[in-house]
file upload.cif (mmCIF, C-alpha atoms and all ligand atoms)
data_work
loop_
_atom_site.label_atom_id
_atom_site.label_comp_id
_atom_site.auth_asym_id
_atom_site.auth_seq_id
_atom_site.Cartn_x
_atom_site.Cartn_y
_atom_site.Cartn_z
CA MET A 328 26.82 93.85 144.10
CA ASP A 329 26.79 92.17 147.49
CA TYR A 330 24.26 94.65 148.88
CA LEU A 331 21.49 96.80 147.48
CA PRO A 332 22.02 100.41 148.63
CA LEU A 333 18.87 101.60 150.42
CA PHE A 334 17.94 104.47 152.68
CA LEU A 335 15.48 103.36 155.37
CA ASP A 336 13.03 105.69 157.00
CA ILE A 337 13.15 104.49 160.61
CA ARG A 338 11.71 107.57 162.26
CA GLY A 339 9.62 106.52 165.23
CA GLN A 340 10.34 102.81 164.65
CA ARG A 341 11.54 100.53 167.44
CA CYS A 342 15.09 99.35 166.82
CA LEU A 343 16.86 96.86 169.04
CA VAL A 344 20.51 97.15 169.97
CA VAL A 345 22.01 94.21 171.82
CA GLY A 346 25.10 95.23 173.76
CA GLY A 347 25.97 98.16 175.97
CA GLY A 348 29.58 98.96 175.10
CA GLU A 349 31.31 101.52 172.89
CA ALA A 350 30.39 99.76 169.63
CA ALA A 351 26.76 99.70 170.73
CA ALA A 352 27.01 103.40 171.63
CA ARG A 353 28.08 104.24 168.10
CA LYS A 354 25.22 102.27 166.55
CA ILE A 355 22.71 103.74 168.99
CA THR A 356 23.86 107.25 168.13
CA GLN A 357 23.37 106.59 164.43
CA LEU A 358 19.92 105.13 164.98
CA LEU A 359 18.89 108.05 167.19
CA GLU A 360 20.15 110.50 164.61
CA ALA A 361 17.89 108.81 162.07
CA GLY A 362 14.94 109.26 164.45
CA ALA A 363 14.56 105.66 165.70
CA ARG A 364 13.19 104.60 169.09
CA VAL A 365 16.02 102.52 170.51
CA THR A 366 15.82 99.70 173.01
CA CYS A 367 19.15 98.54 174.36
CA ILE A 368 19.46 95.02 175.76
CA ALA A 369 22.55 94.62 177.94
CA PRO A 370 23.35 93.56 181.50
CA GLY A 371 25.66 96.56 181.87
CA LEU A 372 26.25 99.86 180.07
CA CYS A 373 29.31 101.90 179.17
CA PRO A 374 29.16 105.57 180.28
CA ALA A 375 28.04 106.82 176.83
CA VAL A 376 25.02 104.47 176.65
CA ARG A 377 24.21 104.97 180.35
CA GLU A 378 24.07 108.71 179.76
CA LEU A 379 21.63 108.21 176.87
CA ALA A 380 19.50 105.84 178.96
CA GLU A 381 19.46 108.22 181.93
CA ALA A 382 18.44 111.07 179.64
CA GLY A 383 15.51 108.96 178.41
CA ALA A 384 16.83 108.80 174.84
CA VAL A 385 17.15 105.01 175.00
CA SER A 386 15.06 102.36 176.78
CA HIS A 387 17.39 100.06 178.65
CA VAL A 388 16.56 96.44 179.53
CA ALA A 389 19.18 95.13 181.95
CA SER A 390 19.19 91.56 180.73
CA ARG A 391 20.97 89.10 178.52
CA PHE A 392 19.56 88.73 175.00
CA MET A 393 16.45 86.63 174.48
CA PRO A 394 14.72 86.24 171.08
CA GLU A 395 11.44 87.61 172.55
CA TYR A 396 13.04 91.06 172.69
CA LEU A 397 12.98 91.09 168.88
CA GLN A 398 9.18 91.15 168.88
CA ASP A 399 7.98 94.31 167.03
CA ALA A 400 11.54 95.43 166.29
CA HIS A 401 11.97 97.18 162.95
CA LEU A 402 15.62 96.21 162.80
CA ALA A 403 18.26 94.78 165.09
CA VAL A 404 21.90 95.42 165.78
CA ALA A 405 24.19 93.02 167.63
CA ALA A 406 27.13 94.77 169.22
CA THR A 407 27.96 92.67 172.26
CA GLY A 408 31.61 91.81 171.69
CA ASP A 409 30.60 88.18 172.35
CA ALA A 410 30.64 86.22 169.06
CA ALA A 411 28.23 83.55 170.32
CA VAL A 412 25.63 86.08 171.46
CA ASN A 413 26.02 88.08 168.26
CA GLN A 414 25.42 84.94 166.25
CA GLN A 415 22.34 84.13 168.34
CA VAL A 416 20.93 87.61 167.66
CA SER A 417 21.65 87.25 163.95
CA GLU A 418 19.96 83.84 163.71
CA ALA A 419 16.92 84.89 165.72
CA ALA A 420 16.46 88.07 163.69
CA LYS A 421 16.84 86.24 160.40
CA ALA A 422 14.28 83.66 161.52
CA MET A 423 11.84 86.49 162.27
CA ARG A 424 12.74 88.29 158.99
CA ILE A 425 14.04 91.31 160.85
CA PRO A 426 16.99 93.08 159.19
CA VAL A 427 20.08 92.57 161.32
CA ASN A 428 23.47 94.19 161.53
CA VAL A 429 26.31 92.59 163.47
CA VAL A 430 29.37 94.64 164.35
CA ASP A 431 32.52 93.34 162.66
CA ALA A 432 30.78 90.24 161.28
CA PRO A 433 29.55 91.01 157.76
CA ARG A 434 28.59 87.37 157.16
CA LEU A 435 26.03 87.56 159.97
CA CYS A 436 24.47 90.78 158.62
CA THR A 437 21.53 91.24 156.32
CA PHE A 438 22.27 94.96 156.15
CA VAL A 439 25.35 97.10 156.68
CA MET A 440 25.70 100.64 157.98
CA PRO A 441 28.59 102.11 155.95
CA ALA A 442 30.16 105.30 157.25
CA ALA A 443 29.19 107.39 154.25
CA VAL A 444 25.54 106.46 154.57
CA GLU A 445 25.56 106.79 158.32
CA THR A 446 26.98 110.29 158.20
CA SER A 447 24.83 111.54 155.34
CA ALA A 448 21.87 111.95 157.62
CA VAL A 449 23.84 113.83 160.24
CA PRO A 450 23.59 117.62 160.18
CA VAL A 451 26.97 118.92 159.08
CA PRO A 452 28.47 122.32 159.77
CA GLY A 453 28.15 124.61 156.80
CA PRO A 454 30.60 127.22 155.61
CA HIS A 455 31.31 130.20 157.82
CA GLY A 456 30.05 128.31 160.88
CA THR A 457 26.45 128.09 159.70
CA ARG A 458 24.59 124.80 159.79
CA PHE A 459 22.62 123.45 156.92
CA GLY A 460 21.14 120.43 155.28
CA ALA A 461 20.06 118.13 158.12
CA GLY A 462 18.50 115.68 155.71
CA ALA A 463 18.43 114.91 152.03
CA ASP A 464 14.94 116.31 151.55
CA GLU A 465 15.36 119.43 153.63
CA VAL A 466 15.75 122.64 151.63
CA THR A 467 18.29 125.13 152.87
CA GLU A 468 17.15 128.67 153.43
CA ARG A 469 20.39 129.96 152.07
CA GLY A 470 22.11 128.42 149.06
CA VAL A 471 25.64 127.22 149.24
CA VAL A 472 28.19 126.04 146.70
CA HIS A 473 30.59 123.31 147.77
CA LEU A 474 33.65 123.32 145.56
CA VAL A 475 34.60 119.68 145.87
CA GLY A 476 37.86 118.05 144.81
CA ALA A 477 36.90 114.63 143.46
CA GLY A 478 40.46 113.34 143.39
CA PRO A 479 42.22 111.56 140.52
CA GLY A 480 39.37 109.22 139.57
CA ASN A 481 39.14 106.37 142.05
CA PRO A 482 35.97 106.87 144.14
CA ASP A 483 37.71 105.34 147.17
CA LEU A 484 39.97 108.39 147.25
CA LEU A 485 37.16 110.88 147.84
CA THR A 486 37.25 112.52 151.25
CA LEU A 487 34.51 111.79 153.76
CA ARG A 488 33.53 115.46 153.57
CA ALA A 489 33.19 115.22 149.78
CA VAL A 490 30.84 112.22 150.07
CA ARG A 491 28.81 113.92 152.78
CA VAL A 492 28.08 117.01 150.74
CA MET A 493 27.55 114.95 147.57
CA GLN A 494 24.82 113.04 149.37
CA GLN A 495 23.05 116.24 150.33
CA ALA A 496 23.27 118.04 147.01
CA ASP A 497 20.31 119.46 145.13
CA VAL A 498 22.45 120.01 142.05
CA VAL A 499 25.84 118.73 140.96
CA VAL A 500 27.84 120.63 138.38
CA TYR A 501 30.65 118.43 137.10
CA ASP A 502 33.63 118.24 134.79
CA SER A 503 34.76 115.70 132.23
CA LEU A 504 37.24 113.90 134.49
CA ILE A 505 34.49 112.89 136.92
CA GLY A 506 33.74 109.22 136.34
CA GLU A 507 30.51 107.28 136.82
CA GLY A 508 31.79 105.66 140.02
CA ILE A 509 32.02 109.10 141.61
CA LEU A 510 28.75 110.42 140.20
CA ASP A 511 27.05 107.33 141.61
CA LEU A 512 27.74 108.69 145.08
CA VAL A 513 25.78 111.88 144.45
CA ARG A 514 22.28 111.96 145.91
CA ARG A 515 20.05 110.11 143.42
CA ASP A 516 17.55 112.92 143.11
CA ALA A 517 20.12 115.63 142.54
CA GLU A 518 20.06 117.41 139.21
CA ARG A 519 23.24 116.78 137.18
CA ILE A 520 24.75 119.47 134.99
CA TYR A 521 27.75 118.60 132.83
CA VAL A 522 30.01 121.54 132.09
CA GLY A 523 33.19 119.75 130.97
CA LYS A 524 35.09 119.61 127.76
CA ARG A 525 33.79 117.48 124.92
CA CYS A 526 35.58 116.88 121.63
CA ASN A 527 38.10 119.53 122.52
CA ARG A 528 35.39 122.17 122.97
CA HIS A 529 34.13 123.58 126.22
CA SER A 530 30.45 122.90 126.48
CA MET A 531 30.38 126.00 128.70
CA SER A 532 32.89 128.82 129.04
CA GLN A 533 34.39 129.48 132.48
CA GLU A 534 32.38 132.67 132.68
CA GLU A 535 29.18 130.78 131.99
CA ILE A 536 30.08 128.22 134.67
CA ASN A 537 30.69 131.01 137.17
CA LYS A 538 27.31 132.56 136.35
CA LEU A 539 25.59 129.18 136.63
CA LEU A 540 27.06 128.58 140.11
CA VAL A 541 26.03 132.06 141.26
CA ARG A 542 22.51 131.56 139.90
CA LEU A 543 22.06 128.15 141.57
CA GLY A 544 23.53 129.29 144.89
CA SER A 545 21.39 132.47 144.88
CA ALA A 546 18.30 130.33 144.29
CA GLY A 547 18.88 128.61 147.64
CA LYS A 548 20.25 125.35 146.23
CA ARG A 549 22.85 123.10 147.80
CA VAL A 550 25.25 122.95 144.90
CA VAL A 551 28.18 120.58 144.60
CA ARG A 552 30.69 121.77 142.06
CA LEU A 553 32.68 118.58 141.41
CA LYS A 554 36.15 119.04 139.97
CA GLY A 555 38.88 116.52 139.26
CA GLY A 556 41.79 116.33 141.69
CA ASP A 557 42.00 119.38 143.93
CA PRO A 558 39.93 122.46 143.01
CA PHE A 559 42.82 124.83 143.68
CA LEU A 560 45.43 123.06 141.56
CA PHE A 561 45.09 123.86 137.87
CA GLY A 562 41.36 123.64 138.40
CA ARG A 563 40.15 127.27 138.15
CA GLY A 564 38.56 126.88 141.58
CA GLY A 565 39.92 130.31 142.55
CA GLU A 566 37.98 131.96 139.75
CA GLU A 567 34.77 130.23 140.77
CA ILE A 568 34.93 131.28 144.42
CA GLU A 569 35.87 134.78 143.32
CA ALA A 570 32.57 134.96 141.40
CA LEU A 571 30.62 133.46 144.31
CA SER A 572 32.12 135.69 146.96
CA SER A 573 31.63 138.85 144.93
CA CYS A 574 27.92 137.97 144.60
CA GLY A 575 27.58 137.12 148.29
CA VAL A 576 26.93 133.39 147.71
CA ALA A 577 28.16 131.16 150.54
CA PHE A 578 30.76 128.63 149.52
CA GLU A 579 32.96 125.93 150.93
CA VAL A 580 36.12 124.37 149.49
CA VAL A 581 36.58 120.63 149.95
CA PRO A 582 40.18 119.77 149.04
CA GLY A 583 40.82 116.67 146.96
CA ILE A 584 43.76 114.43 146.16
CA THR A 585 45.52 116.11 143.29
CA ALA A 586 46.63 114.13 140.22
CA ALA A 587 50.31 114.44 141.20
CA SER A 588 49.66 112.67 144.50
CA GLY A 589 47.42 110.07 142.85
CA CYS A 590 49.90 109.32 140.05
CA ALA A 591 52.90 109.27 142.37
CA GLY A 592 51.21 107.13 145.00
CA TYR A 593 49.72 104.58 142.62
CA ALA A 594 52.83 104.41 140.40
CA GLY A 595 55.16 104.00 143.39
CA ILE A 596 57.13 107.19 142.74
CA PRO A 597 57.78 109.02 146.05
CA LEU A 598 58.01 112.58 144.75
CA THR A 599 60.39 113.90 147.40
CA HIS A 600 62.37 110.83 148.41
CA ARG A 601 65.24 112.33 150.40
CA ASP A 602 67.93 110.43 148.52
CA HIS A 603 66.81 111.81 145.18
CA ALA A 604 64.98 115.12 145.49
CA ARG A 605 65.10 118.24 147.64
CA SER A 606 62.21 119.97 145.95
CA CYS A 607 59.19 119.25 143.82
CA VAL A 608 57.43 121.63 141.48
CA PHE A 609 54.04 121.37 139.82
CA VAL A 610 53.59 123.11 136.47
CA THR A 611 51.16 123.05 133.58
CA GLY A 612 52.32 122.03 130.13
CA HIS A 613 49.23 123.48 128.55
CA LEU A 614 50.07 124.90 125.18
CA LYS A 615 49.29 128.54 124.51
CA ASP A 616 49.67 129.57 120.88
CA GLY A 617 51.46 126.26 120.24
CA THR A 618 54.26 126.90 122.76
CA VAL A 619 54.89 125.97 126.37
CA ASN A 620 55.82 129.03 128.33
CA LEU A 621 57.74 127.89 131.43
CA ASP A 622 60.73 129.03 133.45
CA TRP A 623 63.04 126.35 132.05
CA GLU A 624 66.11 127.42 134.07
CA ALA A 625 64.16 126.99 137.31
CA LEU A 626 62.81 123.62 136.21
CA ALA A 627 66.08 122.13 134.95
CA ARG A 628 67.63 121.92 138.39
CA PRO A 629 69.32 118.83 139.82
CA GLN A 630 67.71 117.06 142.79
CA GLN A 631 64.29 118.38 141.86
CA THR A 632 61.16 116.53 140.78
CA VAL A 633 59.09 118.23 138.11
CA VAL A 634 55.45 117.27 137.72
CA VAL A 635 53.71 118.47 134.58
CA TYR A 636 49.92 118.58 134.40
CA MET A 637 48.26 118.71 130.99
CA GLY A 638 51.62 117.98 129.35
CA LEU A 639 50.78 115.04 127.11
CA GLY A 640 50.56 117.00 123.86
CA SER A 641 53.58 119.13 124.66
CA MET A 642 55.73 116.31 126.07
CA PRO A 643 58.35 116.28 123.26
CA GLU A 644 58.82 120.04 123.63
CA ILE A 645 59.01 119.86 127.43
CA CYS A 646 61.61 117.07 127.40
CA ARG A 647 63.63 118.90 124.73
CA GLN A 648 63.61 122.18 126.69
CA LEU A 649 64.63 120.52 129.96
CA VAL A 650 67.65 118.94 128.23
CA ARG A 651 68.47 122.18 126.45
CA HIS A 652 68.47 123.96 129.82
CA GLY A 653 70.85 121.56 131.50
CA LEU A 654 69.19 118.30 132.60
CA PRO A 655 70.97 115.18 131.31
CA ALA A 656 69.11 113.44 128.49
CA ALA A 657 69.25 110.28 130.65
CA THR A 658 67.18 111.89 133.44
CA PRO A 659 64.44 109.39 134.37
CA ALA A 660 60.92 110.40 133.36
CA ALA A 661 57.49 108.79 133.58
CA ALA A 662 54.09 109.37 132.08
CA VAL A 663 51.09 108.12 134.05
CA GLN A 664 47.66 107.82 132.45
CA SER A 665 44.37 107.57 134.38
CA ALA A 666 46.17 107.05 137.65
CA THR A 667 44.37 105.29 140.52
CA THR A 668 41.74 103.77 138.20
CA ASP A 669 41.36 100.45 136.38
CA GLY A 670 42.75 102.19 133.33
CA GLN A 671 46.04 103.25 134.90
CA ARG A 672 49.06 102.94 132.61
CA VAL A 673 52.62 103.90 133.47
CA VAL A 674 55.37 104.41 130.92
CA THR A 675 58.89 105.07 132.15
CA GLY A 676 61.97 106.12 130.22
CA THR A 677 64.26 109.12 130.10
CA LEU A 678 63.90 112.66 128.85
CA GLN A 679 65.30 111.38 125.59
CA THR A 680 63.18 108.26 125.19
CA LEU A 681 59.86 109.00 126.88
CA PRO A 682 58.12 111.00 124.13
CA ASP A 683 58.61 108.18 121.60
CA LEU A 684 57.56 105.51 124.08
CA VAL A 685 54.43 107.46 124.98
CA ALA A 686 53.56 107.93 121.31
CA ALA A 687 54.26 104.27 120.55
CA VAL A 688 51.87 102.94 123.19
CA GLY A 689 49.30 105.61 122.41
CA LEU A 690 49.07 106.97 125.94
CA ALA A 691 45.95 109.11 126.24
CA SER A 692 44.59 111.89 128.42
CA PRO A 693 44.42 112.37 131.36
CA ALA A 694 48.12 111.88 131.81
CA LEU A 695 50.79 113.41 133.96
CA LEU A 696 54.53 113.71 133.35
CA ILE A 697 56.99 113.19 136.20
CA VAL A 698 60.66 114.05 135.67
CA GLY A 699 63.49 113.38 138.10
CA GLU A 700 65.63 110.73 139.76
CA VAL A 701 62.67 109.61 141.90
CA VAL A 702 61.15 107.97 138.82
CA LYS A 703 63.78 105.22 139.14
CA LEU A 704 61.99 104.07 142.30
CA HIS A 705 58.94 103.02 140.26
CA ARG A 706 60.72 99.80 139.37
CA ARG A 707 60.93 98.83 143.05
CA PHE A 708 57.74 100.33 144.38
CA ALA A 709 55.13 99.79 141.65
CA TRP A 710 52.51 98.08 143.82
CA TYR A 711 49.25 98.77 142.03
CA SER A 712 47.83 96.30 139.52
CA PRO A 713 45.05 98.00 137.61
CA GLY A 714 41.94 96.07 136.66
CA PRO A 715 41.21 94.21 133.45
CA ARG A 716 40.49 97.35 131.41
CA ALA A 717 44.13 98.47 131.64
CA GLN A 718 46.55 97.36 128.97
CA ALA A 719 50.04 96.15 129.72
CA VAL A 720 52.54 98.92 129.08
CA PRO A 721 56.28 98.89 128.81
CA SER A 722 58.69 100.24 131.36
CA ALA A 723 62.00 101.17 129.85
CA SER A 724 63.52 100.74 133.27
CA GLY A 725 61.83 97.43 134.04
CA ALA A 726 60.37 94.37 132.37
CA PRO A 727 57.03 94.74 130.61
CA GLN A 728 54.16 93.19 132.55
CA ASP A 729 52.77 91.38 129.51
CA PRO A 730 55.11 91.23 126.53
CA GLN A 731 52.37 89.55 124.45
CA ALA A 732 50.37 92.74 124.51
CA LEU A 733 53.14 95.00 123.30
CA ASP A 734 53.50 96.44 119.87
CA PRO A 735 56.78 95.19 118.29
CA ALA A 736 57.78 98.81 117.61
CA VAL A 737 57.51 99.53 121.33
CA LEU A 738 59.61 96.50 122.22
CA GLN A 739 62.24 97.66 119.79
CA LEU A 740 62.27 101.12 121.30
CA MET A 741 62.58 99.68 124.78
CA GLN A 742 65.48 97.48 123.83
CA ARG A 743 67.24 100.47 122.34
CA HIS A 744 66.62 102.78 125.29
CA THR A 745 66.56 100.61 128.37
CA THR A 746 68.18 102.60 131.15
C1 LIG B 801 42.70 120.64 134.23
S1 LIG B 801 43.88 119.70 135.09
C2 LIG B 801 43.06 119.48 136.59
C3 LIG B 801 43.97 119.10 137.71
C4 LIG B 801 43.23 118.80 138.99
N1 LIG B 801 42.63 119.98 139.53
C5 LIG B 801 44.12 118.11 140.03
O1 LIG B 801 44.34 118.69 141.12
O2 LIG B 801 44.59 117.02 139.77
C6 LIG B 801 43.75 118.15 134.31
C7 LIG B 801 45.08 117.41 134.24
O3 LIG B 801 45.33 116.73 135.46
C8 LIG B 801 46.02 115.54 135.20
N2 LIG B 801 45.22 114.41 135.68
C9 LIG B 801 44.02 114.46 136.28
N3 LIG B 801 43.63 113.24 136.67
C10 LIG B 801 44.61 112.40 136.30
C11 LIG B 801 44.79 111.01 136.42
N4 LIG B 801 43.89 110.23 137.01
N5 LIG B 801 45.92 110.46 135.93
C12 LIG B 801 46.85 111.23 135.34
N6 LIG B 801 46.73 112.56 135.21
C13 LIG B 801 45.63 113.13 135.67
C14 LIG B 801 46.25 115.47 133.70
O4 LIG B 801 47.51 116.05 133.44
C15 LIG B 801 45.15 116.33 133.18
O5 LIG B 801 45.44 116.86 131.92
#
call {"tool": "encode", "arguments": {"input": "upload.cif", "output": "structure tokens"}}
result
Amino acid sequence: MDYLPLFLDIRGQRCLVVGGGEAAARKITQLLEAGARVTCIAPGLCPAVRELAEAGAVSHVASRFMPEYLQDAHLAVAATGDAAVNQQVSEAAKAMRIPVNVVDAPRLCTFVMPAAVETSAVPVPGPHGTRFGAGADEVTERGVVHLVGAGPGNPDLLTLRAVRVMQQADVVVYDSLIGEGILDLVRRDAERIYVGKRCNRHSMSQEEINKLLVRLGSAGKRVVRLKGGDPFLFGRGGEEIEALSSCGVAFEVVPGITAASGCAGYAGIPLTHRDHARSCVFVTGHLKDGTVNLDWEALARPQQTVVVYMGLGSMPEICRQLVRHGLPAATPAAAVQSATTDGQRVVTGTLQTLPDLVAAVGLASPALLIVGEVVKLHRRFAWYSPGPRAQAVPSASGAPQDPQALDPAVLQLMQRHTT
């Protein structure tokens, strides 16, 4: 860690901002929102800062920076646009042991003001136009449930809105695909309730989850219901808001990046590349009574990309049915595991070869199946190198990244089926 995450209480404290331009205006706004008393040192002011100074929200000293101005300052921000002055502010503040932030110069800072932290203290509009939650410790009069899409696993792919509400939550109710990196962004004091699947058993039924959300929302809590990907795509988000709305509990839906977008983006497979696909369909390969019940005629169309969620276990059956209903056995297909994370693995082959390749490398859940000519583009566009936890995996349409790591049986399969 380069920095220790901290939340500073600067209400009523004198904070110094050196500079009077747009960058200074942004910093001043953040400091004012956190309740600071701001002194701005600058020979001239941009309209935004002048307006604040004229309104009495900021004390303005029309001068160049001098170290004496740092006396009694709780923290300092250098935002002058002049590197030499910014450096002078940084050095003077450090010498006086005053925390200092310098715009666009992380090496001169002793603290940073990241967007997510900056915005967490800002009152945000609630659902249905209401306002709620001005600060982490403020209790809302009326509970609200934020149904938040947490994306495919990489915390960097959360939306700003998701992080905002996560930082204001009293309670977070989360599923099994939500990793530690994402949970780390939830307000530290929030209660955490796990409702995902463990060892193939739901720790809570959907009905129980619905009741829990209604109970928490009715008790006046700010609830974040964290779901993998997007809450409305194979995520039962519709059922949850149905329960909330019928009980009069306010809710908000925060869309997330769905697994199909995460897998396609990070595997370099443009789902609707114009040269290869005119349509793209998302289906679930979830087995019901041991069979996959899909409209195979509609799926086995040329120039179409088919994305199958929850299709790992049923992959042999899905590939078989697509061929039986008219797609060539040589149609390119890919399976992507844990997309967007350090554990991402991509296996490519054809409808004929993919199930064996996937079994041979032991691909595990969560994994997504992509079928269609667009899969061929992976060879050219695979840009993402997962971290050290990922294992090298074969690509039947390309060279393996690390042949040393491959099982000989997999190599044999690849040699037999290379497209
Ligand atoms: C119950 S569905 C939830 C889908 C989620 N609501 C979404 O929009 O992505 C879970 C399935 O999504 C897919 N999935 C989710 N995250 C994934 C990831 N990081 N990599 C590959 N597949 C993923 C897998 O097919 C998994 O079985």
call {"tool": "residues_around", "arguments": {"input": "upload.cif", "residues": "Lys421 of chain A", "least_positions_apart": "6", "cutoff": "12 Å", "atoms": "all atoms listed in the file", "output": "PyMOL selection string"}}
result
chain A and resi 394+397+402-404+414-415+427-429+435-438
call {"tool": "axis_aligned_box", "arguments": {"input": "upload.cif", "around": "ligand LIG 801 (chain B)", "padding_each_side": "5 Å", "output": "lines of an AutoDock Vina configuration file"}}
result
center_x = 45.1
center_y = 115.4
center_z = 136.5
size_x = 14.9
size_y = 20.4
size_z = 19.2
call {"tool": "residues_near_ligand", "arguments": {"input": "upload.cif", "ligand": "ligand LIG 801 (chain B)", "cutoff": "6 Å", "atoms": "all atoms listed in the file", "output": "PDB file with C-alpha atoms, in the frame of the given file"}}
result
ATOM      1  CA  PRO A 479      42.220 111.560 140.520  1.00  0.00           C
ATOM      2  CA  GLY A 480      39.370 109.220 139.570  1.00  0.00           C
ATOM      3  CA  GLY A 555      38.880 116.520 139.260  1.00  0.00           C
ATOM      4  CA  GLY A 556      41.790 116.330 141.690  1.00  0.00           C
ATOM      5  CA  ASP A 557      42.000 119.380 143.930  1.00  0.00           C
ATOM      6  CA  PRO A 558      39.930 122.460 143.010  1.00  0.00           C
ATOM      7  CA  LEU A 560      45.430 123.060 141.560  1.00  0.00           C
ATOM      8  CA  PHE A 561      45.090 123.860 137.870  1.00  0.00           C
ATOM      9  CA  GLY A 562      41.360 123.640 138.400  1.00  0.00           C
ATOM     10  CA  THR A 585      45.520 116.110 143.290  1.00  0.00           C
ATOM     11  CA  ALA A 586      46.630 114.130 140.220  1.00  0.00           C
ATOM     12  CA  CYS A 590      49.900 109.320 140.050  1.00  0.00           C
ATOM     13  CA  TYR A 636      49.920 118.580 134.400  1.00  0.00           C
ATOM     14  CA  MET A 637      48.260 118.710 130.990  1.00  0.00           C
ATOM     15  CA  VAL A 663      51.090 108.120 134.050  1.00  0.00           C
ATOM     16  CA  GLN A 664      47.660 107.820 132.450  1.00  0.00           C
ATOM     17  CA  SER A 665      44.370 107.570 134.380  1.00  0.00           C
ATOM     18  CA  ALA A 666      46.170 107.050 137.650  1.00  0.00           C
ATOM     19  CA  PRO A 693      44.420 112.370 131.360  1.00  0.00           C
ATOM     20  CA  ALA A 694      48.120 111.880 131.810  1.00  0.00           C
ATOM     21  CA  LEU A 695      50.790 113.410 133.960  1.00  0.00           C
TER      22      LEU A 695
END
call {"tool": "closest_residue", "arguments": {"input": "upload.cif", "among": "A:Leu571, A:Leu331, A:Ala422, A:Leu487", "to": "Leu539 of chain A", "atoms": "only C-alpha atoms"}}
result
A:Leu571
call {"tool": "closest_residue", "arguments": {"input": "upload.cif", "among": "A:Glu378, A:Glu644, A:Asp409, A:Glu518", "to": "Val498 of chain A", "atoms": "all atoms listed in the file"}}
result
A:Glu518
call {"tool": "atom_distance", "arguments": {"input": "upload.cif", "atom1": "atom CA of Val472 of chain A", "atom2": "atom CA of Arg552 of chain A"}}
result
6.8 Å
call {"tool": "atom_distance", "arguments": {"input": "upload.cif", "atom1": "atom CA of Val673 of chain A", "atom2": "atom CA of Leu614 of chain A"}}
result
22.7 Å
call {"tool": "residues_around", "arguments": {"input": "upload.cif", "residues": "Val344 of chain A", "least_positions_apart": "3", "cutoff": "8 Å", "atoms": "only C-alpha atoms", "output": "PDB file with C-alpha atoms, in the coordinates of the input"}}
result
ATOM      1  CA  ALA A 351      26.760  99.700 170.730  1.00  0.00           C
ATOM      2  CA  LYS A 354      25.220 102.270 166.550  1.00  0.00           C
ATOM      3  CA  ILE A 355      22.710 103.740 168.990  1.00  0.00           C
ATOM      4  CA  VAL A 365      16.020 102.520 170.510  1.00  0.00           C
ATOM      5  CA  THR A 366      15.820  99.700 173.010  1.00  0.00           C
ATOM      6  CA  CYS A 367      19.150  98.540 174.360  1.00  0.00           C
ATOM      7  CA  ILE A 368      19.460  95.020 175.760  1.00  0.00           C
ATOM      8  CA  ALA A 403      18.260  94.780 165.090  1.00  0.00           C
ATOM      9  CA  VAL A 404      21.900  95.420 165.780  1.00  0.00           C
ATOM     10  CA  ALA A 405      24.190  93.020 167.630  1.00  0.00           C
ATOM     11  CA  ALA A 406      27.130  94.770 169.220  1.00  0.00           C
TER      12      ALA A 406
END
call {"tool": "atom_distance", "arguments": {"input": "upload.cif", "atom1": "atom CA of Val430 of chain A", "atom2": "atom CA of Gly347 of chain A"}}
result
12.6 Å
